[in-house]
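Note: the block below is upload-v4.txt and it holds compact mmCIF, C-alpha atoms.
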```
# COMPACT_ATOMS: atom_id res chain seq x y z
CA MET A 829 75.37 4.62 31.23
CA LYS A 830 77.04 1.88 29.33
CA PHE A 831 78.25 2.31 25.81
CA LEU A 832 77.82 -0.45 23.36
CA TYR A 833 80.86 -1.00 21.18
CA LEU A 834 80.22 -2.93 18.00
CA LYS A 835 83.10 -5.09 16.90
CA LYS A 836 83.84 -5.29 13.22
CA PRO A 837 83.28 -8.79 11.93
CA PRO A 838 86.54 -10.56 11.10
CA ILE A 839 87.48 -10.87 7.46
CA SER A 840 86.57 -14.34 6.27
CA LYS A 841 89.03 -16.59 4.50
CA ASP A 842 86.79 -16.72 1.45
CA PHE A 843 86.69 -12.93 1.19
CA LEU A 844 90.47 -12.59 1.57
CA ILE A 845 91.17 -15.26 -1.05
CA THR A 846 88.69 -13.68 -3.46
CA ILE A 847 90.22 -10.22 -3.06
CA LEU A 848 93.72 -11.60 -3.68
CA PHE A 849 92.42 -13.42 -6.75
CA TYR A 850 90.74 -10.30 -8.14
CA ILE A 851 93.81 -8.12 -7.56
CA GLY A 852 95.91 -10.70 -9.41
CA LEU A 853 93.47 -10.73 -12.33
CA PHE A 854 93.32 -6.94 -12.53
CA LEU A 855 97.12 -6.64 -12.66
CA LEU A 856 97.60 -9.61 -15.00
CA PRO A 857 98.05 -7.75 -18.32
CA SER A 858 99.95 -4.75 -16.95
CA ALA A 859 102.07 -6.07 -14.05
CA PHE A 860 102.50 -9.78 -14.63
CA SER A 861 105.13 -10.46 -11.97
CA ILE A 862 103.10 -8.82 -9.19
CA SER A 863 99.91 -10.40 -10.50
CA ALA A 864 101.51 -13.85 -10.36
CA ILE A 865 102.33 -13.34 -6.67
CA PHE A 866 98.73 -12.46 -5.77
CA LEU A 867 97.35 -15.32 -7.85
CA LEU A 868 99.81 -17.78 -6.33
CA ILE A 869 98.90 -16.77 -2.76
CA SER A 870 95.18 -17.04 -3.52
CA LEU A 871 95.78 -20.42 -5.18
CA ILE A 872 97.69 -21.79 -2.18
CA LEU A 873 95.13 -20.55 0.35
CA ASN A 874 92.20 -21.77 -1.71
CA SER A 875 93.81 -25.18 -2.19
CA LEU A 876 94.13 -25.57 1.58
CA ILE A 877 90.39 -25.10 2.14
CA ASN A 878 89.13 -26.59 -1.13
CA GLU A 879 86.62 -29.29 -0.19
CA GLU A 880 86.77 -30.93 -3.59
CA ASN A 881 89.32 -33.73 -3.79
CA PHE A 882 91.78 -33.29 -6.65
CA PHE A 883 90.69 -36.54 -8.28
CA GLU A 884 86.99 -35.86 -7.79
CA ASP A 885 87.16 -34.27 -11.20
CA LYS A 886 88.06 -37.29 -13.35
CA LEU A 887 89.82 -35.07 -15.88
CA ASN A 888 92.52 -34.40 -13.29
CA ILE A 889 93.54 -38.05 -13.64
CA PHE A 890 94.61 -37.23 -17.21
CA PHE A 891 96.56 -34.19 -16.03
CA PHE A 892 98.23 -36.16 -13.24
CA CYS A 893 99.31 -38.99 -15.56
CA GLY A 894 100.33 -36.46 -18.19
CA SER A 895 102.55 -34.73 -15.63
CA PHE A 896 104.30 -38.03 -14.91
CA LEU A 897 105.00 -38.53 -18.63
CA LEU A 898 106.20 -34.93 -19.04
CA VAL A 899 108.79 -35.50 -16.32
CA THR A 900 109.71 -38.88 -17.82
CA SER A 901 110.26 -37.30 -21.24
CA SER A 902 112.42 -34.58 -19.68
CA ILE A 903 114.58 -37.24 -18.04
CA MET A 904 114.93 -39.11 -21.33
CA HIS A 905 116.04 -35.94 -23.13
CA ASN A 906 119.19 -35.95 -20.99
CA PHE A 907 120.23 -39.32 -22.46
CA ARG A 908 119.01 -39.22 -26.07
CA SER A 909 121.11 -36.44 -27.60
CA ASN A 910 123.13 -38.93 -29.66
CA TYR A 911 119.97 -40.13 -31.40
CA LEU A 912 118.69 -36.72 -32.47
CA SER A 913 119.52 -34.80 -35.64
CA TYR A 914 120.56 -31.68 -33.73
CA ASP A 915 122.37 -30.79 -30.51
CA PRO A 916 119.56 -30.40 -27.91
CA ASN A 917 119.51 -28.23 -24.81
CA SER A 918 117.94 -30.68 -22.37
CA SER A 919 117.54 -28.00 -19.69
CA LEU A 920 114.81 -26.39 -21.81
CA SER A 921 112.64 -29.46 -21.30
CA TRP A 922 112.78 -28.97 -17.54
CA ILE A 923 112.09 -25.27 -17.87
CA GLY A 924 109.23 -26.04 -20.25
CA LEU A 925 107.44 -28.05 -17.56
CA ALA A 926 106.53 -24.71 -15.96
CA ASN A 927 104.24 -24.08 -18.94
CA TRP A 928 102.10 -27.09 -18.03
CA ILE A 929 102.32 -28.76 -14.61
CA PRO A 930 101.61 -25.68 -12.42
CA PHE A 931 98.53 -24.92 -14.52
CA PHE A 932 96.97 -28.30 -13.79
CA TRP A 933 96.99 -27.13 -10.18
CA CYS A 934 95.47 -23.78 -11.25
CA TYR A 935 92.67 -25.58 -13.09
CA TRP A 936 91.65 -27.37 -9.88
CA GLY A 937 92.55 -24.68 -7.34
CA PHE A 938 90.65 -21.80 -8.95
CA LYS A 939 87.41 -23.73 -9.47
CA PRO A 940 85.72 -22.61 -6.21
CA LEU A 941 86.35 -18.99 -7.21
CA LEU A 942 84.50 -19.55 -10.49
CA ASN A 943 81.73 -21.93 -9.42
CA ASN A 944 78.70 -19.78 -10.23
CA SER A 945 77.62 -17.32 -12.86
CA GLU A 946 77.97 -14.28 -10.60
CA LYS A 947 81.60 -15.09 -9.79
CA ARG A 948 82.40 -15.61 -13.46
CA LYS A 949 80.71 -12.28 -14.25
CA LYS A 950 82.88 -10.46 -11.68
CA THR A 951 85.98 -12.19 -13.03
CA SER A 952 85.07 -11.15 -16.58
CA LEU A 953 84.55 -7.51 -15.59
CA ILE A 954 87.79 -7.36 -13.60
CA LEU A 955 89.75 -8.78 -16.54
CA LEU A 956 88.02 -6.22 -18.76
CA SER A 957 88.92 -3.37 -16.38
CA GLY A 958 92.53 -4.53 -16.17
CA THR A 959 92.79 -4.28 -19.96
CA PHE A 960 92.54 -0.47 -19.85
CA PRO A 961 96.37 0.00 -19.86
CA VAL A 962 96.67 -2.42 -22.80
CA PHE A 963 94.65 -0.43 -25.30
CA ILE A 964 95.63 2.99 -23.90
CA THR A 965 99.35 2.25 -24.30
CA GLY A 966 98.69 0.56 -27.64
CA LEU A 967 96.83 3.58 -29.02
CA GLY A 968 99.54 5.84 -27.64
CA GLN A 969 102.13 3.69 -29.39
CA SER A 970 100.23 3.89 -32.69
CA PHE A 971 99.25 7.57 -32.72
CA PHE A 972 101.65 9.38 -30.37
CA ASN A 973 104.87 7.34 -30.70
CA TRP A 974 104.94 6.16 -27.09
CA ASP A 975 107.98 3.96 -27.52
CA GLY A 976 109.61 1.86 -24.83
CA PRO A 977 110.45 -0.38 -23.26
CA PHE A 978 109.44 1.10 -19.91
CA GLU A 979 110.71 -0.67 -16.80
CA ILE A 980 110.13 -0.21 -13.08
CA PHE A 981 111.29 -2.10 -9.97
CA ASN A 982 114.54 -3.10 -11.69
CA GLY A 983 112.77 -4.81 -14.57
CA LEU A 984 110.12 -6.56 -12.47
CA ILE A 985 107.47 -4.85 -14.60
CA VAL A 986 108.17 -4.23 -18.29
CA TRP A 987 105.92 -2.48 -20.79
CA TYR A 988 107.46 -3.29 -24.16
CA GLN A 989 105.94 -0.49 -26.28
CA ARG A 990 108.08 -1.45 -29.24
CA PRO A 991 108.64 1.20 -31.96
CA LEU A 992 106.30 0.43 -34.84
CA GLU A 993 109.13 0.52 -37.37
CA GLY A 994 110.14 -3.02 -38.28
CA ILE A 995 107.13 -4.76 -36.68
CA THR A 996 103.70 -5.45 -38.07
CA GLY A 997 101.52 -3.42 -35.73
CA LEU A 998 100.41 -2.44 -32.25
CA THR A 999 101.94 -4.36 -29.35
CA GLY A 1000 101.23 -2.15 -26.34
CA LEU A 1001 102.41 -3.87 -23.17
CA PHE A 1002 103.12 -7.11 -25.01
CA ASN A 1003 106.24 -8.30 -26.80
CA ASN A 1004 104.49 -9.15 -30.05
CA PRO A 1005 101.39 -7.94 -31.99
CA ASN A 1006 99.96 -11.48 -32.02
CA TYR A 1007 100.21 -11.67 -28.22
CA ALA A 1008 98.47 -8.32 -27.85
CA GLY A 1009 95.82 -9.42 -30.35
CA SER A 1010 95.29 -12.69 -28.50
CA TRP A 1011 94.69 -10.90 -25.20
CA LEU A 1012 92.29 -8.44 -26.84
CA ASN A 1013 90.41 -11.34 -28.46
CA VAL A 1014 89.88 -12.99 -25.08
CA ILE A 1015 88.64 -9.77 -23.48
CA TRP A 1016 86.44 -8.70 -26.40
CA PRO A 1017 83.51 -11.10 -25.61
CA PHE A 1018 83.46 -9.75 -22.03
CA CYS A 1019 83.26 -6.25 -23.48
CA ILE A 1020 80.29 -7.25 -25.65
CA ALA A 1021 78.59 -8.82 -22.62
CA ALA A 1022 79.03 -5.58 -20.65
CA LEU A 1023 77.66 -3.67 -23.64
CA LEU A 1024 74.54 -5.86 -23.76
CA ASP A 1025 74.10 -5.81 -19.99
CA LYS A 1026 71.83 -2.77 -19.73
CA THR A 1027 72.30 -0.42 -16.79
CA LYS A 1028 70.78 2.85 -15.64
CA TYR A 1029 74.17 4.31 -14.64
CA LEU A 1030 75.41 6.75 -17.27
CA ALA A 1031 79.07 6.60 -16.15
CA LYS A 1032 79.14 2.81 -16.54
CA ASN A 1033 77.57 3.00 -19.99
CA ILE A 1034 80.09 5.60 -21.15
CA SER A 1035 83.02 3.57 -19.83
CA VAL A 1036 81.77 0.46 -21.62
CA TYR A 1037 81.47 2.39 -24.89
CA LEU A 1038 85.03 3.68 -24.44
CA PHE A 1039 86.30 0.16 -23.79
CA THR A 1040 84.41 -1.11 -26.86
CA LEU A 1041 85.99 1.56 -29.06
CA GLY A 1042 89.45 1.13 -27.55
CA ILE A 1043 89.58 -2.67 -27.78
CA SER A 1044 88.11 -2.88 -31.29
CA LEU A 1045 90.41 -0.15 -32.66
CA SER A 1046 93.46 -1.68 -30.95
CA THR A 1047 92.63 -5.10 -32.40
CA ILE A 1048 92.56 -3.65 -35.91
CA LEU A 1049 95.86 -1.82 -35.36
CA THR A 1050 97.68 -5.01 -34.35
CA ASN A 1051 97.65 -5.93 -38.06
CA SER A 1052 97.37 -9.53 -36.87
CA ARG A 1053 95.34 -11.84 -39.10
CA SER A 1054 94.54 -14.18 -36.21
CA ALA A 1055 93.42 -11.22 -34.07
CA TRP A 1056 91.09 -9.97 -36.80
CA ILE A 1057 89.55 -13.41 -37.28
CA GLY A 1058 89.24 -13.91 -33.52
CA PHE A 1059 87.50 -10.55 -33.21
CA ILE A 1060 84.87 -11.57 -35.76
CA VAL A 1061 84.43 -15.10 -34.35
CA GLY A 1062 84.07 -13.80 -30.79
CA THR A 1063 81.45 -11.30 -31.89
CA LEU A 1064 79.55 -13.97 -33.81
CA ILE A 1065 79.50 -16.39 -30.88
CA VAL A 1066 78.27 -13.87 -28.31
CA PHE A 1067 75.53 -12.41 -30.50
CA GLY A 1068 74.48 -15.85 -31.73
CA LYS A 1069 71.93 -16.55 -34.44
CA LYS A 1070 70.27 -13.12 -34.13
CA LYS A 1071 73.23 -11.38 -35.74
CA PHE A 1072 74.57 -14.38 -37.68
CA LYS A 1073 73.44 -13.19 -41.12
CA LEU A 1074 74.68 -9.65 -40.52
CA ILE A 1075 78.14 -10.78 -39.43
CA ILE A 1076 78.42 -13.39 -42.21
CA ASN A 1077 77.53 -10.74 -44.80
CA LEU A 1078 80.06 -8.39 -43.26
CA LEU A 1079 82.69 -11.15 -43.34
CA ILE A 1080 81.96 -11.80 -47.03
CA ILE A 1081 82.29 -8.10 -47.86
CA ILE A 1082 85.61 -7.85 -45.99
CA SER A 1083 86.93 -11.02 -47.69
CA LEU A 1084 85.98 -9.76 -51.14
CA THR A 1085 87.52 -6.37 -50.45
CA ILE A 1086 90.83 -7.88 -49.30
CA SER A 1087 90.84 -10.32 -52.25
CA ALA A 1088 90.18 -7.50 -54.72
CA THR A 1089 93.03 -5.52 -53.15
CA ILE A 1090 95.53 -8.36 -53.57
CA PHE A 1091 94.24 -9.84 -56.86
CA PRO A 1092 92.57 -7.98 -59.78
CA ILE A 1093 89.35 -10.01 -59.52
CA PHE A 1094 87.26 -6.90 -60.34
CA GLY A 1095 89.83 -5.33 -62.63
CA SER A 1096 93.18 -3.60 -62.14
CA ASN A 1097 91.60 -0.14 -61.73
CA ILE A 1098 89.56 -1.23 -58.72
CA GLN A 1099 92.58 -3.07 -57.32
CA PHE A 1100 94.73 0.07 -57.66
CA TYR A 1101 92.01 2.20 -56.03
CA LEU A 1102 91.62 -0.19 -53.07
CA GLN A 1103 95.39 -0.38 -52.53
CA ASN A 1104 95.45 3.40 -52.27
CA ILE A 1105 92.62 3.76 -49.72
CA ILE A 1106 93.37 0.68 -47.57
CA PRO A 1107 96.56 0.93 -45.48
CA GLU A 1108 99.28 -1.26 -46.95
CA SER A 1109 100.07 -2.71 -43.52
CA ILE A 1110 96.61 -4.31 -43.51
CA TRP A 1111 96.28 -5.86 -46.96
CA MET A 1112 99.94 -6.92 -47.10
CA GLU A 1113 99.22 -9.19 -44.11
CA PHE A 1114 97.28 -11.39 -46.55
CA ASN A 1115 99.79 -11.15 -49.38
CA ASP A 1116 103.24 -11.76 -47.89
CA PHE A 1117 103.70 -15.41 -46.93
CA GLN A 1118 107.22 -16.76 -46.52
CA TYR A 1119 106.24 -20.29 -45.60
CA SER A 1120 102.65 -21.53 -45.37
CA ARG A 1121 101.09 -22.99 -42.23
CA ILE A 1122 100.46 -26.27 -44.08
CA GLU A 1123 104.16 -26.67 -44.84
CA ILE A 1124 105.09 -25.86 -41.24
CA TRP A 1125 102.59 -28.39 -39.89
CA HIS A 1126 103.80 -31.01 -42.36
CA LYS A 1127 107.37 -30.56 -41.14
CA ALA A 1128 106.15 -30.64 -37.52
CA CYS A 1129 104.37 -33.96 -38.14
CA GLU A 1130 107.57 -35.40 -39.60
CA ILE A 1131 109.42 -34.42 -36.42
CA VAL A 1132 106.69 -36.06 -34.31
CA PHE A 1133 106.79 -39.35 -36.24
CA ASN A 1134 110.58 -39.47 -36.01
CA ASN A 1135 110.44 -39.15 -32.20
CA PRO A 1136 106.90 -40.24 -31.20
CA ILE A 1137 107.32 -41.48 -27.62
CA PHE A 1138 109.36 -38.86 -25.76
CA GLY A 1139 109.59 -36.05 -28.33
CA THR A 1140 112.67 -33.98 -29.09
CA GLY A 1141 112.53 -31.58 -26.15
CA ALA A 1142 111.06 -28.16 -25.44
CA GLY A 1143 112.35 -25.46 -27.78
CA SER A 1144 113.56 -28.03 -30.29
CA PHE A 1145 111.26 -27.17 -33.20
CA PRO A 1146 113.00 -23.90 -34.26
CA GLU A 1147 116.41 -25.60 -34.29
CA ILE A 1148 115.25 -28.64 -36.27
CA PHE A 1149 113.18 -26.55 -38.68
CA LYS A 1150 116.10 -24.22 -39.41
CA LEU A 1151 118.48 -27.16 -39.81
CA GLU A 1152 116.22 -28.80 -42.39
CA THR A 1153 114.77 -25.77 -44.25
CA GLY A 1154 117.20 -22.93 -43.64
CA LEU A 1155 114.35 -20.81 -42.25
CA TRP A 1156 113.68 -19.90 -38.64
CA LYS A 1157 110.23 -20.34 -37.10
CA GLY A 1158 109.83 -19.86 -33.37
CA HIS A 1159 107.23 -22.61 -32.98
CA ALA A 1160 105.04 -25.06 -34.90
CA HIS A 1161 102.10 -22.61 -35.16
CA ASN A 1162 99.92 -25.20 -33.47
CA LEU A 1163 99.93 -25.72 -29.70
CA PRO A 1164 99.06 -29.47 -29.69
CA LEU A 1165 101.83 -30.13 -32.22
CA GLU A 1166 104.25 -28.00 -30.19
CA LEU A 1167 103.44 -29.98 -27.03
CA ILE A 1168 103.78 -33.36 -28.77
CA ILE A 1169 107.04 -32.38 -30.49
CA SER A 1170 108.45 -31.34 -27.12
CA TYR A 1171 107.32 -34.25 -24.93
CA GLY A 1172 105.96 -36.99 -27.18
CA ILE A 1173 102.57 -38.35 -28.24
CA PRO A 1174 101.60 -40.17 -24.98
CA ALA A 1175 102.14 -37.09 -22.77
CA GLY A 1176 100.52 -34.82 -25.34
CA ILE A 1177 97.40 -36.93 -25.72
CA LEU A 1178 96.82 -37.25 -21.96
CA ILE A 1179 97.01 -33.47 -21.52
CA LEU A 1180 95.03 -32.57 -24.64
CA ILE A 1181 92.09 -34.94 -24.05
CA PRO A 1182 90.61 -33.00 -21.09
CA ILE A 1183 91.28 -29.64 -22.79
CA PHE A 1184 89.42 -30.74 -25.91
CA LEU A 1185 86.59 -32.30 -23.88
CA ILE A 1186 86.00 -29.16 -21.82
CA THR A 1187 86.11 -26.90 -24.86
CA PHE A 1188 83.75 -28.92 -27.05
CA LYS A 1189 81.33 -29.73 -24.23
CA SER A 1190 81.20 -26.02 -23.44
CA ILE A 1191 80.47 -25.23 -27.09
CA ASN A 1192 77.67 -27.79 -27.11
CA ILE A 1193 76.08 -26.50 -23.90
CA ILE A 1194 76.21 -22.76 -24.52
CA LEU A 1195 76.30 -22.41 -28.28
CA ILE A 1196 74.49 -25.43 -29.72
CA HIS A 1197 72.26 -26.93 -27.04
CA LYS A 1198 69.34 -25.21 -25.32
CA GLY A 1199 71.69 -24.05 -22.58
CA ARG A 1200 72.10 -20.72 -24.38
CA GLU A 1201 68.59 -19.59 -23.46
CA SER A 1202 69.06 -20.38 -19.78
CA SER A 1203 72.63 -19.07 -19.43
CA SER A 1204 73.72 -15.53 -18.65
CA ILE A 1205 75.31 -13.32 -21.27
CA TYR A 1206 78.53 -13.48 -19.25
CA ASP A 1207 78.63 -17.28 -19.36
CA GLN A 1208 78.10 -17.06 -23.10
CA SER A 1209 80.95 -14.57 -23.37
CA TRP A 1210 83.08 -16.84 -21.14
CA ILE A 1211 82.66 -19.73 -23.57
CA ALA A 1212 83.24 -17.39 -26.52
CA ALA A 1213 86.54 -16.26 -25.00
CA LEU A 1214 87.63 -19.88 -24.45
CA VAL A 1215 86.64 -20.92 -27.98
CA VAL A 1216 88.46 -18.00 -29.63
CA LEU A 1217 91.62 -18.60 -27.58
CA PHE A 1218 91.46 -22.37 -28.09
CA PHE A 1219 91.16 -22.19 -31.87
CA SER A 1220 93.75 -19.42 -32.16
CA GLN A 1221 96.25 -21.90 -30.70
CA MET A 1222 95.50 -24.24 -33.59
CA VAL A 1223 97.06 -21.80 -36.08
CA ASP A 1224 99.47 -19.88 -33.86
CA VAL A 1225 100.99 -20.17 -30.38
CA GLN A 1226 100.65 -17.30 -27.92
CA TYR A 1227 100.22 -19.73 -25.01
CA PHE A 1228 103.82 -19.39 -23.81
CA ASP A 1229 103.23 -15.81 -22.74
CA GLY A 1230 102.42 -16.24 -19.03
CA ARG A 1231 99.43 -13.91 -19.19
CA ILE A 1232 97.84 -15.88 -22.00
CA SER A 1233 98.44 -19.27 -20.37
CA ILE A 1234 97.00 -18.12 -17.02
CA ILE A 1235 93.83 -16.75 -18.58
CA PHE A 1236 93.53 -19.90 -20.71
CA TRP A 1237 93.47 -22.18 -17.66
CA ILE A 1238 91.14 -19.84 -15.77
CA LEU A 1239 88.73 -20.04 -18.70
CA LEU A 1240 89.03 -23.84 -18.70
CA SER A 1241 88.38 -23.97 -14.97
CA GLY A 1242 85.29 -21.77 -15.21
CA SER A 1243 84.02 -23.69 -18.24
CA SER A 1244 84.34 -26.96 -16.34
CA ASN A 1245 82.02 -25.46 -13.72
CA ILE A 1246 79.53 -24.48 -16.42
CA ILE A 1247 79.53 -28.06 -17.68
CA LYS A 1248 78.97 -29.48 -14.19
CA LYS A 1249 76.10 -27.07 -13.61
CA ASP A 1250 74.54 -28.34 -16.83
CA LYS A 1251 74.80 -31.87 -15.42
CA GLY A 1252 73.08 -30.75 -12.23
CA ILE A 1253 76.20 -31.00 -10.08
CA GLU A 1254 76.39 -28.41 -7.33
CA TYR A 1255 79.73 -27.36 -5.87
CA LYS A 1256 80.30 -27.29 -2.16
CA LYS A 1257 80.91 -23.87 -0.68
CA ASN A 1258 84.22 -23.18 0.95
```
Let's see the structure in the file written out as structure tokens.
Amino acid sequence: MKFLYLKKPPISKDFLITILFYIGLFLLPSAFSISAIFLLISLILNSLINEENFFEDKLNIFFFCGSFLLVTSSIMHNFRSNYLSYDPNSSLSWIGLANWIPFFWCYWGFKPLLNNSEKRKKTSLILLSGTFPVFITGLGQSFFNWDGPFEIFNGLIVWYQRPLEGITGLTGLFNNPNYAGSWLNVIWPFCIAALLDKTKYLAKNISVYLFTLGISLSTILTNSRSAWIGFIVGTLIVFGKKKFKLIINLLIIISLTISATIFPIFGSNIQFYLQNIIPESIWMEFNDFQYSRIEIWHKACEIVFNNPIFGTGAGSFPEIFKLETGLWKGHAHNLPLELIISYGIPAGILILIPIFLITFKSINIILIHKGRESSSIYDQSWIAALVVLFFSQMVDVQYFDGRISIIFWILLSGSSNIIKKDKGIEYKKN
């Protein structure tokens, strides 16, 4: 009698690359260094078998030319120190290239992993699952004094867990409340999508409710104005017109309440009462302004016009701003301005054009055009996450945290696929 032995089918390249990609995404907020390794391996392998030519997407022409100008500007910064109003560190311009050029590759290389709605749904849920340590450590920091930093593997993984004294609010694993708030804003639309995606499994429903409570409470505790606004905008975009009036009314009530807490618009007695029941850390966020965004942007524009072609170098804004105003600001509070200050108008425009095109075309397809009715709730949440992150970079800059920049370019890559689907373009399978 002969026995029949069934051989296990070999693991396909596509499956291996996808698993590496998903592991990298899951670890992204909590173990960035290890996550980057998994994502890099998946990116390299996927690039080797990617059937789409790099220049098949015309927007990559902008990124390629922009890369050339970024390098050119970095070279020029080594020779132009005598013409600048401060003593520049030209090496920062070369280091700063890592914030841009590798991500142009990510935008192209990750596309096949995000080329249909089901893949984007899985990516969204994995990012959502990986956020569990973010709000758990953040809530522990806020309510149980879990202070850090905590390090393992000789500093390869760091959870900052800063003591709340002396900072504005919850940071969790991140270095800054605004960074934590930015990550939570990106994940929040995915959480709403999972909440609206009905399921018969009780355990899944309970976990989604726990994530909804944890993320929303953590966002409030960051005491970050941009995080609060992003939370509301993300909610509004995902729910759409059905909940528009409800959310607008809620926004009006919140605005009036905060205004009445800061200014006696309804009388000093009501103002005093509100200041006693609303935590000071919240309403003071809208009352204590050292230097307005408008003034910062005005100074940033002056720096741009003084050095329009090649910029003044990466990391130059804080030095110039302090030299001219006596105050220190870590960045221009606007990512396009920060890029143009660093590397000049030509490089900035070439890189920003495709980013703006993808974002606004995505808005038109999912949020304005009829595409909303035919798209999945996860594609709608995908666009919502991109829109919230994109516009948050117009008033602040969290992009230079590696976790934020990676998720930003992943969102751009997936959104580009959504646009091509709307045009009737089908991607080739690996």
inquiry  = As an exercise, work out the distance from atom CA of Ile1181 of chain A to atom CA of Asn944 of chain A in Å and give it to one decimal place.
reply    =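 Rounded to one decimal, the two atoms are 24.5 Å apart.
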ask   = Between atom CA of Ile1080 of chain A and atom CA of Thr1047 of chain A, what is the distance, to one decimal in Å?
value =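 So the answer is 19.3 Å.
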Please, which residues are within 12 Å of (98.9, -46.4, -24.1) by the file's coordinates, counting all atoms listed in the file, and could they come as a short mmCIF file (atom, residue, chain, number, x, y, z; two decimals) with C-alpha atoms, in the coordinates of the input?
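Result file is out-v8.cif:
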```cif
data_model
loop_
_atom_site.label_atom_id
_atom_site.label_comp_id
_atom_site.auth_asym_id
_atom_site.auth_seq_id
_atom_site.Cartn_x
_atom_site.Cartn_y
_atom_site.Cartn_z
CA CYS A 893 99.31 -38.99 -15.56
CA GLY A 894 100.33 -36.46 -18.19
CA LEU A 897 105.00 -38.53 -18.63
CA ILE A 1137 107.32 -41.48 -27.62
CA ILE A 1173 102.57 -38.35 -28.24
CA PRO A 1174 101.60 -40.17 -24.98
CA ALA A 1175 102.14 -37.09 -22.77
CA GLY A 1176 100.52 -34.82 -25.34
CA ILE A 1177 97.40 -36.93 -25.72
CA LEU A 1178 96.82 -37.25 -21.96
#
```
query = Which residues, written as a list in words, have at least one atom at most 12 Å from Asp885 of chain A, with all atoms listed in the file counted and residues fewer than 5 positions away on the same chain left out?
reply =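 So the residues in contact are Glu880, Phe890, Phe891, Phe892, Phe932, Tyr935, Trp936, Gly937, Lys939, Pro1182, Ile1186, Ser1241, Ser1244, Asn1245, Ile1247, Lys1248, Ile1253 and Tyr1255 of chain A.
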query = Which protein, DNA or RNA residues have an atom at most 10 Å from (96.9, 5.2, -30.9), counting only C-alpha atoms? List them as a PyMOL selection string.
reply = chain A and resi 963-974+998+1000+1042+1045-1046+1049
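Checking A:Ile1082, A:Ile1191, A:Ile1234, A:Leu920 one by one against Ser1144 of chain A, counting all atoms listed in the file, you find the shortest gap at A:Leu920.
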key: Separation of atom CA of Leu868 of chain A from atom CA of Gln1226 of chain A, in Å and rounded to one decimal   =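 It comes out at 21.6 Å.
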Per-residue nearest contacts segment 1187-1246 of chain A to segment 1050-1054 of chain A, cut-off 12 Å, using only C-alpha atoms, as a tab-separated table:
```
residue	atom	partner	partner_atom	distance
A:Val1216	CA	A:Ser1054	CA	9.7
A:Leu1217	CA	A:Ser1054	CA	10.1
A:Phe1218	CA	A:Ser1054	CA	11.9
A:Phe1219	CA	A:Ser1054	CA	9.7
A:Ser1220	CA	A:Ser1054	CA	6.7
A:Gln1221	CA	A:Ser1054	CA	9.6
A:Met1222	CA	A:Ser1054	CA	10.4
A:Val1223	CA	A:Ser1054	CA	8.0
A:Asp1224	CA	A:Ser1054	CA	7.9
A:Val1225	CA	A:Ser1054	CA	10.6
A:Gln1226	CA	A:Ser1054	CA	10.8
```
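Residue nearest Ile1034 of chain A, chosen from A:Phe931, A:Phe843, A:Ala1022, A:Ser1233 and counting all atoms listed in the file: A:Ala1022.
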key: Contact residues around Trp1016 of chain A with all atoms listed in the file at 9 Å, ignoring same-chain residues under 6 positions, as a list in words   =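 Here the qualifying residues turn out to be Leu956, Thr1040, Ile1043, Ser1044, Phe1059, Gly1062, Thr1063, Ser1209 and Ala1213 of chain A.
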task = Using all atoms listed in the file, find the one residue out of A:Leu887, A:Ile869, A:Leu876, A:Ala859 that sits nearest to Val962 of chain A.
result =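 Ranked by minimum distance to Val962 of chain A, first place goes to A:Ala859.
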Could you give me the axis-aligned bounding box of segment 857-863 of chain A, with 3 Å of padding per side, as centre plus edge lengths in Å to one decimal, as lines of an AutoDock Vina configuration file?
```
center_x = 101.6
center_y = -7.6
center_z = -13.8
size_x = 13.1
size_y = 11.7
size_z = 15.1
```
key: Selected residue of minimal separation from Pro1146 of chain A among A:Ala1128, A:Leu1163, A:Leu1038, A:Val1061, counting all atoms listed in the file   =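 Closest residue, counting all atoms listed in the file: A:Ala1128.
Considering the residues A:Val1066, A:Cys1019, A:Ile903, A:Leu1012 and counting all atoms listed in the file, Tyr1037 of chain A has its shortest atom-to-atom contact with A:Cys1019.
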Selected residue of minimal separation from Phe1018 of chain A among A:Thr1085, A:Asn1077, A:Thr951, A:Asn1003, counting only C-alpha atoms =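 For Phe1018 of chain A, the nearest of the candidates is A:Thr951.
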query = Leaving out Met904 of chain A and any residue of its chain fewer than 3 positions from it, which residues lie within 10 Å of it when counting all atoms listed in the file, given as a ChimeraX atom specification?
reply = /A:898-901,907-909,918,921,1138-1141,1171
key: Test item: residues at most 12 Å from Ile980 of chain A, only C-alpha atoms, excluding those fewer than 3 positions along its chain, as an NGL selection string   = :A and (858-859 or 861-862 or 976-977 or 983-988)
